[in-house]
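J.: Have a look at the structure that comes next, please.
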Amino acid sequence: MTDDTVLLLRRAGFGPTVAEVGAARQLGYASTLSGVLTPTGPDVGATSAPTPDLGPDPFTLLPRATDAQRAEGDRRRTEQTISLARWWLDRMTVADHQAVEKLVFFWHGHWATSVAKVRSAQLMLGQLRAFREARDFADLAHRMVLDRALVYWLDGQHNKKAAPNENLARELFELFMLGVGQYTERDIKEAGRALAGWRVILDRESPVSDPQHRDTGRKTILGVTDTFDADSLVELLLRQPACGRFIASRLWFRYASSTRPIPERTREAMVAAFPAPMAMLKALFADEAFQQTRGTLVQQPVEWLVGAMRHLGLRPAAMPDKVFTQMYWAMEALGQRPFAPPSVGGWPAGTAWLTSAAAQTRLTIAGMLVDLLRPGPLTPEAVAHLLCVDTWTDRTYAVLRDARNDRLKLILGLVSPEYLVT
């Protein structure tokens with residue numbers, strides 16, 4: 001198989017298995033690209049990872065909780081969050097429609113929302129469903145502006161006509177839809193008014209409109225005057241030329257290169273496909289500039305972990321509870337735990353993941369994974385085949401050759417530069 005097809009499979013999903021590599025070898029780049037981005041039929045693999053029934057948020061049953069009840073409620077919330085993360089990592093690992101799962105993960109980093117503040121796993125699951133069910137970016141933006149987890153995360157429930165809160169409006173412009181420099185402070189203030197009057201209630205499926213705190217007056221946003229509300233504000237932002245260009249740039253940043261700027265020709269080809277994200281990705285992957293990004297993208301920890309589990313034939317659902325829980329908190333030490341981005345700006349990229357502390361944690365996690373197997377016998381070539389790595393550098397090959405046992409060879413392969421950087 002050509003290096004270009006390997007690159008496509010690694011970037012579009014969470015790491016191709018040996019079987020997927022073999023199939024792609026037969027199909028070639030163009031057919032593989034179409035198959036990956038427009039999969040047909042149900043996702044059989046994903047059906048083996050059904051959505052968990054979390055039950056109600058513990059605090060919906062505790063309107064006047066004692067200190068002891070609150071502590072127990074917090075404990076149950078943590079359990080539910082770990083259960084939710086376990087399911088999502090499991091689905092990412094076993095799903096056949098890898099590009100779909102990778103896009104859901106991309107949206108989680110783009111509309112970055114943290115359970116550390118939201119606290120409710122049920123709200124986070126609702127947001128994840130929206131990422132998966134949205135028809136395109138336009139549909140997703142309409143869902144997100146009234147998403148309970150995002151509204152709560154960005155203090156939307158405190159946004160009232162008499163006391164505006166502009167957090168959600170600001171991030172909607174800057175981080176989610178337009179990018180820096182595409183608006184004024186007046187635009188933010190007026191948009192904040194358009195988003196006022198919504199409350200988040202744990203046992204309601206959607207935010208609750210509070211008419212006394214809505215602002216139905218006329219607002220001027222981006223030069224347009226109207227009685228904007230949440231939906232009409234999103235429609236206005238979607239019509240801005242900057243919107244498609246911004247989303248194209250964000251896709252390039254996560255799928256192509258976090259260090260090389262997107263070529264203008266590539267961006268325009270992607271904008272022509274906006275707001276359909278898979279069509280935008282097809283334009284990206286079909287552009288010759290994509291192949292030139294080889295070796296410039298460091299895998300995010302979740303991408304690395306899911307790819308490792310796919311290559312080793314492991315899945316979180318089958319792990320002993322103690323092992324998964326240890327791995328879950330080790331991901332926190334590594335810097336990326338599902339549902340817990342460090343800020344509304346999402347997770348970092350590039351060399352931020354290649355610190356000495358991260359390397360040590362990655363070794364620990366790789367060891368936990370390999371200890372669930374009985375590897376061997378393994379040569380450096382066999383490790384490369386298993387992990388779908390094209391080739392080792394002389395330095396890595398020598399390290400693998402001299403490793404004292406098969407367990408260590410596999411661990412070192414999982415943390416090698418050739419595996420971490422695509």
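Labels for the structure tokens follow display order: chains A, B, ..., residues from 1 in each chain, ligands from 1.
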Considering only strand (DSSP E or B) as DSSP defines it on the backbone, what residues of segment 105-337 of chain A qualify? List them as an NGL selection string.
T.: :A and (160 or 163 or 198-199 or 208-209 or 219-221 or 224-226 or 298)
J.: For those residues, write C-alpha atoms to a file as a PDB file, in the first residue's frame.
T.:
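Final file, selection-v8.pdb:
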```pdb
ATOM      1  CA  LYS A 160     -30.718  37.691  31.594  1.00  0.00           C
ATOM      2  CA  ALA A 163     -27.994  41.330  33.677  1.00  0.00           C
ATOM      3  CA  TRP A 198     -32.497  30.295  28.909  1.00  0.00           C
ATOM      4  CA  ARG A 199     -32.241  28.041  31.964  1.00  0.00           C
ATOM      5  CA  VAL A 208     -36.121  26.120  29.315  1.00  0.00           C
ATOM      6  CA  SER A 209     -37.109  29.510  27.915  1.00  0.00           C
ATOM      7  CA  LYS A 219     -30.194  44.397  18.014  1.00  0.00           C
ATOM      8  CA  THR A 220     -27.540  45.358  15.504  1.00  0.00           C
ATOM      9  CA  ILE A 221     -25.067  42.525  14.887  1.00  0.00           C
ATOM     10  CA  VAL A 224     -27.640  43.848  10.481  1.00  0.00           C
ATOM     11  CA  THR A 225     -30.501  45.125  12.644  1.00  0.00           C
ATOM     12  CA  ASP A 226     -33.266  42.720  13.653  1.00  0.00           C
ATOM     13  CA  VAL A 298       1.284  14.528  16.694  1.00  0.00           C
TER      14      VAL A 298
END
```
J.: Need the shell around Met319 of chain A: protein/DNA/RNA residues with any atom at most 10 Å away, counting only C-alpha atoms. Skip same-chain ones fewer than 6 positions apart. Format as a VMD selection string?
T.: chain A and resid 86 325 369 372
J.: Which residue is closest to Val44 of chain A? Choose from A:Cys388, A:Val94, A:Thr216, A:Ala138 and count only C-alpha atoms.
T.: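 Between A:Cys388, A:Val94, A:Thr216, A:Ala138, the residue approaching Val44 of chain A most closely is A:Val94.
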J.: Name all residues at most 7 Å from segment 343-349 of chain A (count only C-alpha atoms; drop same-chain ones fewer than 3 positions away) and give them as a short mmCIF file (atom, residue, chain, number, x, y, z; two decimals) with N, CA and C atoms, in the first residue's frame.
T.:
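Output saved as around-v8.cif:
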```cif
data_model
loop_
_atom_site.label_atom_id
_atom_site.label_comp_id
_atom_site.auth_asym_id
_atom_site.auth_seq_id
_atom_site.Cartn_x
_atom_site.Cartn_y
_atom_site.Cartn_z
N GLY A 109 -13.74 18.45 20.67
CA GLY A 109 -12.66 19.40 20.91
C GLY A 109 -12.99 20.79 20.40
N HIS A 110 -13.85 20.87 19.37
CA HIS A 110 -14.20 22.17 18.80
C HIS A 110 -15.19 22.92 19.69
N ALA A 112 -15.69 22.68 22.77
CA ALA A 112 -15.11 22.10 23.99
C ALA A 112 -15.94 22.44 25.23
N THR A 113 -16.43 21.39 25.87
CA THR A 113 -17.28 21.50 27.06
C THR A 113 -16.78 20.51 28.09
N LEU A 175 -14.51 31.21 18.89
CA LEU A 175 -13.97 29.85 18.89
C LEU A 175 -14.81 28.85 18.10
N SER A 258 -0.87 20.89 12.47
CA SER A 258 -1.03 21.95 13.47
C SER A 258 0.10 22.97 13.38
N ALA A 352 3.17 19.97 22.34
CA ALA A 352 2.64 20.02 23.71
C ALA A 352 2.43 18.61 24.26
N TRP A 353 2.24 17.63 23.38
CA TRP A 353 2.02 16.25 23.82
C TRP A 353 3.32 15.47 23.96
#
```
J.: Contacts of Phe106 of chain A at 10 Å or less, counting only C-alpha atoms, minus same-chain residues fewer than 2 places along, as an NGL selection string?
T.: :A and (100-104 or 108-112 or 131 or 250-251 or 254-255)
J.: Which is closer to Thr32 of chain A than all the others in A:Gly313, A:Pro16, A:Pro275, A:Pro207, using only C-alpha atoms?
T.: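 Between A:Gly313, A:Pro16, A:Pro275, A:Pro207, the residue approaching Thr32 of chain A most closely is A:Pro16.
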J.: Go through A:Gln299, A:Val6, A:Arg129, A:Thr361 one by one, measure the shortest atom-to-atom distance of each to Tyr328 of chain A using only C-alpha atoms, and give the residue with the smallest value.
T.: A:Thr361
J.: Identify which of the residues A:Glu418, A:Asp3, A:Asp390, A:Asp96 lies closest to Thr40 of chain A, counting only C-alpha atoms when measuring atom-to-atom distances.
T.: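 Selected residue with least distance to Thr40 of chain A: A:Asp96.
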J.: So, counting only C-alpha atoms, which residue among A:Arg143, A:Asp287, A:Gly35, A:Arg77 is closest to His97 of chain A?
T.: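 Under the stated criterion, the closest residue is A:Gly35.
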J.: Enumerate, as a ChimeraX atom specification, the complete set of residues in segment 65-127 of chain A that a backbone-based DSSP assignment places in alpha helix (DSSP H).
T.: /A:67-94,98-110,115-118,121-127
J.: Which residues are close to Pro316 of chain A, i.e. within 12 Å by only C-alpha atoms, leaving aside same-chain residues fewer than 3 positions away? Reply as a PDB file with N, CA and C atoms, in the first residue's frame.
T.:
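Saved as part09.pdb:
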```pdb
ATOM      1  N   ALA A  49     -21.346  -1.846  20.899  1.00  0.00           N
ATOM      2  CA  ALA A  49     -21.093  -0.897  21.991  1.00  0.00           C
ATOM      3  C   ALA A  49     -22.321  -0.011  22.162  1.00  0.00           C
ATOM      4  N   ILE A  82     -17.269   8.194  34.363  1.00  0.00           N
ATOM      5  CA  ILE A  82     -16.313   7.157  33.969  1.00  0.00           C
ATOM      6  C   ILE A  82     -16.996   6.118  33.088  1.00  0.00           C
ATOM      7  N   SER A  83     -18.220   5.747  33.424  1.00  0.00           N
ATOM      8  CA  SER A  83     -18.981   4.796  32.617  1.00  0.00           C
ATOM      9  C   SER A  83     -19.213   5.338  31.211  1.00  0.00           C
ATOM     10  N   LEU A  84     -19.549   6.622  31.125  1.00  0.00           N
ATOM     11  CA  LEU A  84     -19.777   7.250  29.827  1.00  0.00           C
ATOM     12  C   LEU A  84     -18.495   7.289  28.999  1.00  0.00           C
ATOM     13  N   ALA A  85     -17.386   7.640  29.630  1.00  0.00           N
ATOM     14  CA  ALA A  85     -16.103   7.687  28.921  1.00  0.00           C
ATOM     15  C   ALA A  85     -15.699   6.291  28.463  1.00  0.00           C
ATOM     16  N   ARG A  86     -15.953   5.302  29.297  1.00  0.00           N
ATOM     17  CA  ARG A  86     -15.607   3.922  28.932  1.00  0.00           C
ATOM     18  C   ARG A  86     -16.383   3.496  27.688  1.00  0.00           C
ATOM     19  N   TRP A  87     -17.673   3.815  27.679  1.00  0.00           N
ATOM     20  CA  TRP A  87     -18.489   3.463  26.513  1.00  0.00           C
ATOM     21  C   TRP A  87     -17.986   4.178  25.258  1.00  0.00           C
ATOM     22  N   TRP A  88     -17.704   5.486  25.368  1.00  0.00           N
ATOM     23  CA  TRP A  88     -17.315   6.235  24.171  1.00  0.00           C
ATOM     24  C   TRP A  88     -15.970   5.732  23.627  1.00  0.00           C
ATOM     25  N   LEU A  89     -15.016   5.515  24.499  1.00  0.00           N
ATOM     26  CA  LEU A  89     -13.732   4.966  24.052  1.00  0.00           C
ATOM     27  C   LEU A  89     -13.920   3.584  23.421  1.00  0.00           C
ATOM     28  N   ASP A  90     -14.826   2.806  23.984  1.00  0.00           N
ATOM     29  CA  ASP A  90     -15.103   1.484  23.434  1.00  0.00           C
ATOM     30  C   ASP A  90     -15.696   1.601  22.039  1.00  0.00           C
ATOM     31  N   ARG A  91     -16.638   2.510  21.857  1.00  0.00           N
ATOM     32  CA  ARG A  91     -17.256   2.700  20.544  1.00  0.00           C
ATOM     33  C   ARG A  91     -16.230   3.193  19.526  1.00  0.00           C
ATOM     34  N   MET A  92     -15.390   4.140  19.912  1.00  0.00           N
ATOM     35  CA  MET A  92     -14.352   4.599  19.002  1.00  0.00           C
ATOM     36  C   MET A  92     -13.480   3.436  18.542  1.00  0.00           C
ATOM     37  N   THR A  93     -13.227   2.505  19.457  1.00  0.00           N
ATOM     38  CA  THR A  93     -12.328   1.394  19.168  1.00  0.00           C
ATOM     39  C   THR A  93     -12.940   0.371  18.224  1.00  0.00           C
ATOM     40  N   VAL A  94     -14.217   0.060  18.414  1.00  0.00           N
ATOM     41  CA  VAL A  94     -14.820  -1.040  17.651  1.00  0.00           C
ATOM     42  C   VAL A  94     -15.604  -0.578  16.433  1.00  0.00           C
ATOM     43  N   LEU A 305      -4.451   6.399  22.218  1.00  0.00           N
ATOM     44  CA  LEU A 305      -4.973   5.298  23.015  1.00  0.00           C
ATOM     45  C   LEU A 305      -5.928   4.429  22.202  1.00  0.00           C
ATOM     46  N   VAL A 306      -6.861   5.056  21.497  1.00  0.00           N
ATOM     47  CA  VAL A 306      -7.838   4.285  20.715  1.00  0.00           C
ATOM     48  C   VAL A 306      -7.132   3.521  19.605  1.00  0.00           C
ATOM     49  N   ALA A 308      -4.074   2.438  19.633  1.00  0.00           N
ATOM     50  CA  ALA A 308      -3.342   1.333  20.257  1.00  0.00           C
ATOM     51  C   ALA A 308      -4.272   0.174  20.567  1.00  0.00           C
ATOM     52  N   MET A 309      -5.457   0.465  21.093  1.00  0.00           N
ATOM     53  CA  MET A 309      -6.400  -0.606  21.417  1.00  0.00           C
ATOM     54  C   MET A 309      -6.889  -1.305  20.151  1.00  0.00           C
ATOM     55  N   ARG A 310      -7.087  -0.540  19.091  1.00  0.00           N
ATOM     56  CA  ARG A 310      -7.498  -1.157  17.823  1.00  0.00           C
ATOM     57  C   ARG A 310      -6.405  -2.078  17.287  1.00  0.00           C
ATOM     58  N   LEU A 312      -4.072  -3.606  18.965  1.00  0.00           N
ATOM     59  CA  LEU A 312      -3.814  -4.735  19.857  1.00  0.00           C
ATOM     60  C   LEU A 312      -5.031  -5.645  20.026  1.00  0.00           C
ATOM     61  N   GLY A 313      -6.161  -5.263  19.434  1.00  0.00           N
ATOM     62  CA  GLY A 313      -7.357  -6.085  19.557  1.00  0.00           C
ATOM     63  C   GLY A 313      -7.979  -6.026  20.941  1.00  0.00           C
ATOM     64  N   MET A 319     -12.162  -4.859  29.479  1.00  0.00           N
ATOM     65  CA  MET A 319     -11.090  -4.740  30.467  1.00  0.00           C
ATOM     66  C   MET A 319     -11.630  -4.924  31.887  1.00  0.00           C
ATOM     67  N   PRO A 320     -10.841  -5.447  32.796  1.00  0.00           N
ATOM     68  CA  PRO A 320     -11.239  -5.435  34.206  1.00  0.00           C
ATOM     69  C   PRO A 320     -11.505  -4.003  34.667  1.00  0.00           C
ATOM     70  N   ASP A 321     -12.502  -3.828  35.499  1.00  0.00           N
ATOM     71  CA  ASP A 321     -12.882  -2.484  35.940  1.00  0.00           C
ATOM     72  C   ASP A 321     -11.696  -1.716  36.516  1.00  0.00           C
ATOM     73  N   LYS A 322     -10.900  -2.396  37.315  1.00  0.00           N
ATOM     74  CA  LYS A 322      -9.765  -1.732  37.961  1.00  0.00           C
ATOM     75  C   LYS A 322      -8.762  -1.234  36.936  1.00  0.00           C
ATOM     76  N   VAL A 323      -8.511  -2.043  35.905  1.00  0.00           N
ATOM     77  CA  VAL A 323      -7.555  -1.647  34.868  1.00  0.00           C
ATOM     78  C   VAL A 323      -8.062  -0.427  34.113  1.00  0.00           C
ATOM     79  N   PHE A 324      -9.362  -0.455  33.724  1.00  0.00           N
ATOM     80  CA  PHE A 324      -9.867   0.697  32.980  1.00  0.00           C
ATOM     81  C   PHE A 324      -9.842   1.955  33.827  1.00  0.00           C
ATOM     82  N   THR A 325     -10.243   1.848  35.086  1.00  0.00           N
ATOM     83  CA  THR A 325     -10.254   3.039  35.946  1.00  0.00           C
ATOM     84  C   THR A 325      -8.851   3.616  36.090  1.00  0.00           C
ATOM     85  N   GLN A 326      -7.855   2.757  36.256  1.00  0.00           N
ATOM     86  CA  GLN A 326      -6.473   3.242  36.338  1.00  0.00           C
ATOM     87  C   GLN A 326      -6.059   3.928  35.033  1.00  0.00           C
ATOM     88  N   MET A 327      -6.448   3.353  33.917  1.00  0.00           N
ATOM     89  CA  MET A 327      -6.097   3.930  32.629  1.00  0.00           C
ATOM     90  C   MET A 327      -6.813   5.261  32.418  1.00  0.00           C
ATOM     91  N   TYR A 328      -8.060   5.339  32.859  1.00  0.00           N
ATOM     92  CA  TYR A 328      -8.849   6.562  32.732  1.00  0.00           C
ATOM     93  C   TYR A 328      -8.167   7.721  33.448  1.00  0.00           C
ATOM     94  N   MET A 368       0.149  -1.063  30.584  1.00  0.00           N
ATOM     95  CA  MET A 368      -1.139  -1.581  31.031  1.00  0.00           C
ATOM     96  C   MET A 368      -1.856  -2.313  29.899  1.00  0.00           C
ATOM     97  N   LEU A 369      -1.765  -1.758  28.694  1.00  0.00           N
ATOM     98  CA  LEU A 369      -2.411  -2.384  27.539  1.00  0.00           C
ATOM     99  C   LEU A 369      -1.734  -3.712  27.192  1.00  0.00           C
ATOM    100  N   LEU A 372      -2.399  -6.874  29.088  1.00  0.00           N
ATOM    101  CA  LEU A 372      -3.646  -7.583  28.835  1.00  0.00           C
ATOM    102  C   LEU A 372      -3.490  -8.621  27.723  1.00  0.00           C
TER     103      LEU A 372
END
```
J.: Given only C-alpha atoms as the basis, pick out the residue of A:Leu27, A:Leu37, A:Leu238, A:Val389 nearest to Asp139 of chain A.
T.: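 Closest to Asp139 of chain A of all the choices is A:Leu238.
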J.: Neighbouring residues of Pro301 of chain A were defined as those with any atom within 8 Å, considering only C-alpha atoms; residues of the same chain fewer than 5 positions away were excluded. Please report them as a list in words.
T.: Met331, Leu334, Gly335, Gln336 and Trp353 of chain A
J.: What would the file look like if the residues just selected were written as a tab-separated table (two decimals), in the first residue's frame with C-alpha atoms?
T.:
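Printed below is out-v2.tsv as written:
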```
chain	number	residue	atom	x	y	z
A	331	MET	CA	-5.24	9.78	30.69
A	334	LEU	CA	-1.34	12.46	30.08
A	335	GLY	CA	-3.34	15.62	29.49
A	336	GLN	CA	-6.49	14.45	27.71
A	353	TRP	CA	2.02	16.25	23.82
```
J.: Rounded to one decimal, what separation in Å do you get between atom CA of Pro58 of chain A and atom CA of Ala71 of chain A?
T.: 10.6 Å
J.: Please indicate the distance in Å from atom CA of Thr266 of chain A to atom CA of Leu284 of chain A, rounded to one decimal place.
T.: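 Between these atoms lies a distance of 6.5 Å.
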